[in-house]
Amino acid sequence: MGISKSISEQMERSSWIRRMFEIGIQMRKERGAENVFDFSLGNPDVEPPAPVIAALRRVVAEDRPASHGYMPNAGFPDVRATIARNLAGRTGLPFTGDDVLMTTGAAGAINVVLKALLDPGDEVIVLTPYFPEYRFYIENHGGRIVDVETDERFQPDLDRIARAITPRTKALILNSPNNPTGVVYDEQIFRGLDDLVREPMLVISDEPYRPLIFDGARHPEVLCLVQRSVLAWSWSKAMAIAGERIGYLAIPPHLAEAGPLRNACTFANRILGYINASAIWQRLVGQVPNETIDVGFYQAKRDLLCDALCAMGYRAPRSQGSFYVFPKTPIPDDQAFIRFLQAEGILAVPGCGFGRGGYMRLSLTIPTDTIRRSLPGFERALRRALDGQLVPPDASR
């Protein structure tokens, strides 16, 4: 079969997250589901808020002409206008519906803007550790990924970013709250970026975890702090509707090239094959755009897990947001330690899968009781690793 070389190479580098998911399927068959503790996949484990379900019922029941027909490539104008009003109220920027493009989630928004921006060989900076799919998004559109390390707190390092910028740099992808670290980037970082980012470079602010911030903190308004930035948004985490793939791309009107960029992104939204976000879900988010799950649910699980791991001897600082915690592995070889955990029935994703070895990502999207039952296994794995025991040869069995 004539599979393309690029896809073959990308499949070889495919996501550790999905790899662990497949291992988990096999482990459940062999051990029983109750004996597997799967921290690998960030899939919401709560139901959408009641107003979201109520809105869904209303939208489906509406007797609206052509309610399931084609819509403009940028999405329904009334929905985009609603979102623009929300953005304007939040940021103080004069957004209108023309500045919003409905997309199939944040992934769709990022791919649309990359398709609009990149010529073959153009560069996109990503900050390590990062969501691994970014690499594939960039390469899908002929770009070249440029990895830039964050500092010891996983905050962006402005000096390193400045050194990485070249005449071919078209974009920098920011993800805060961050997957995998759970870190919220400091406001002064965004102010510093505003001094670095010059035409034709754009910051793409990927913010699906924005509503999931712990301890009452607030997220800086990137669109206000970085003049050359666009926003990729998804309701997947905010409303616990990851399977619905609904989001938007917001292009601030103050961008000098806002008009041409809007037109290019709208065209890209069509030719990439995404066509439009679902009609039903566009109508729904137009009715209840600000509904979110109770973030306290995940904060409580973060506290339980991080406090227990720290008490055992792990270095596991509390994440500031998102679905995740990112502890340091007790031995430098994170892949080896992941196998110690697998021997205990625990599935975690090694930090190397996000570009930062020596760590592991643990998802909070599992039941609280499952977290509690997993804790003895975390402790046994820690002791065995520190005692210098051999890595289990086939930890998935």
# chains A, B, ... in the order shown; residues from 1 in each chain; ligands from 1
call {"tool": "residues_around", "arguments": {"residues": "Ala164 (chain A)", "least_positions_apart": "4", "cutoff": "12 Å", "atoms": "only C-alpha atoms", "output": "list in words"}}
result
Glu123, Val124, Ile125, Val126, Leu127, Ile145, Val146, Asp147, Val148, Glu149, Asp157, Leu158, Asp159, Arg160, Arg168, Thr169, Lys170, Ala171, Leu172, Leu196 and Val197 of chain A
call {"tool": "residues_around", "arguments": {"residues": "Arg18 (chain A)", "least_positions_apart": "4", "cutoff": "10 Å", "atoms": "only C-alpha atoms", "output": "MDAnalysis selection string"}}
result
chainID A and resid 14 22:24 40:41 349
call {"tool": "atom_distance", "arguments": {"atom1": "CA of Ile173 (chain A)", "atom2": "CA of Leu114 (chain A)"}}
result
10.2 Å
call {"tool": "atom_distance", "arguments": {"atom1": "CA of Gly296 (chain A)", "atom2": "CA of Pro327 (chain A)"}}
result
20.8 Å
call {"tool": "atom_distance", "arguments": {"atom1": "CA of Glu379 (chain A)", "atom2": "CA of Asn178 (chain A)"}}
result
26.6 Å
call {"tool": "closest_residue", "arguments": {"among": "A:Tyr248, A:Trp16, A:Phe39, A:Trp235", "to": "Ala84 (chain A)", "atoms": "only C-alpha atoms"}}
result
A:Tyr248
call {"tool": "closest_residue", "arguments": {"among": "A:Asn35, A:Gln10, A:Gln335, A:Thr103", "to": "Glu244 (chain A)", "atoms": "only C-alpha atoms"}}
result
A:Thr103
call {"tool": "residues_around", "arguments": {"residues": "Pro120 (chain A)", "least_positions_apart": "5", "cutoff": "8 Å", "atoms": "only C-alpha atoms", "output": "ChimeraX atom specification"}}
result
/A:141-143
call {"tool": "closest_residue", "arguments": {"among": "A:Thr368, A:Asn290, A:Asn175, A:Asn276", "to": "Asp303 (chain A)", "atoms": "only C-alpha atoms"}}
result
A:Thr368
call {"tool": "closest_residue", "arguments": {"among": "A:Asp294, A:Glu34, A:Asp119, A:Asp151", "to": "Pro49 (chain A)", "atoms": "only C-alpha atoms"}}
result
A:Asp294
call {"tool": "select_by_dssp", "arguments": {"residues": "region 87-250 of chain A", "states": "alpha helix (DSSP H)", "output": "number ranges by chain"}}
result
A: 87-91, 105-117, 133-140, 158-164, 187-196, 222-225
call {"tool": "closest_residue", "arguments": {"among": "A:Ile280, A:Leu375, A:Val391, A:Leu304", "to": "Ile331 (chain A)", "atoms": "only C-alpha atoms"}}
result
A:Val391
call {"tool": "closest_residue", "arguments": {"among": "A:Ala240, A:Ile161, A:Leu284, A:Leu93", "to": "His254 (chain A)", "atoms": "only C-alpha atoms"}}
result
A:Leu93
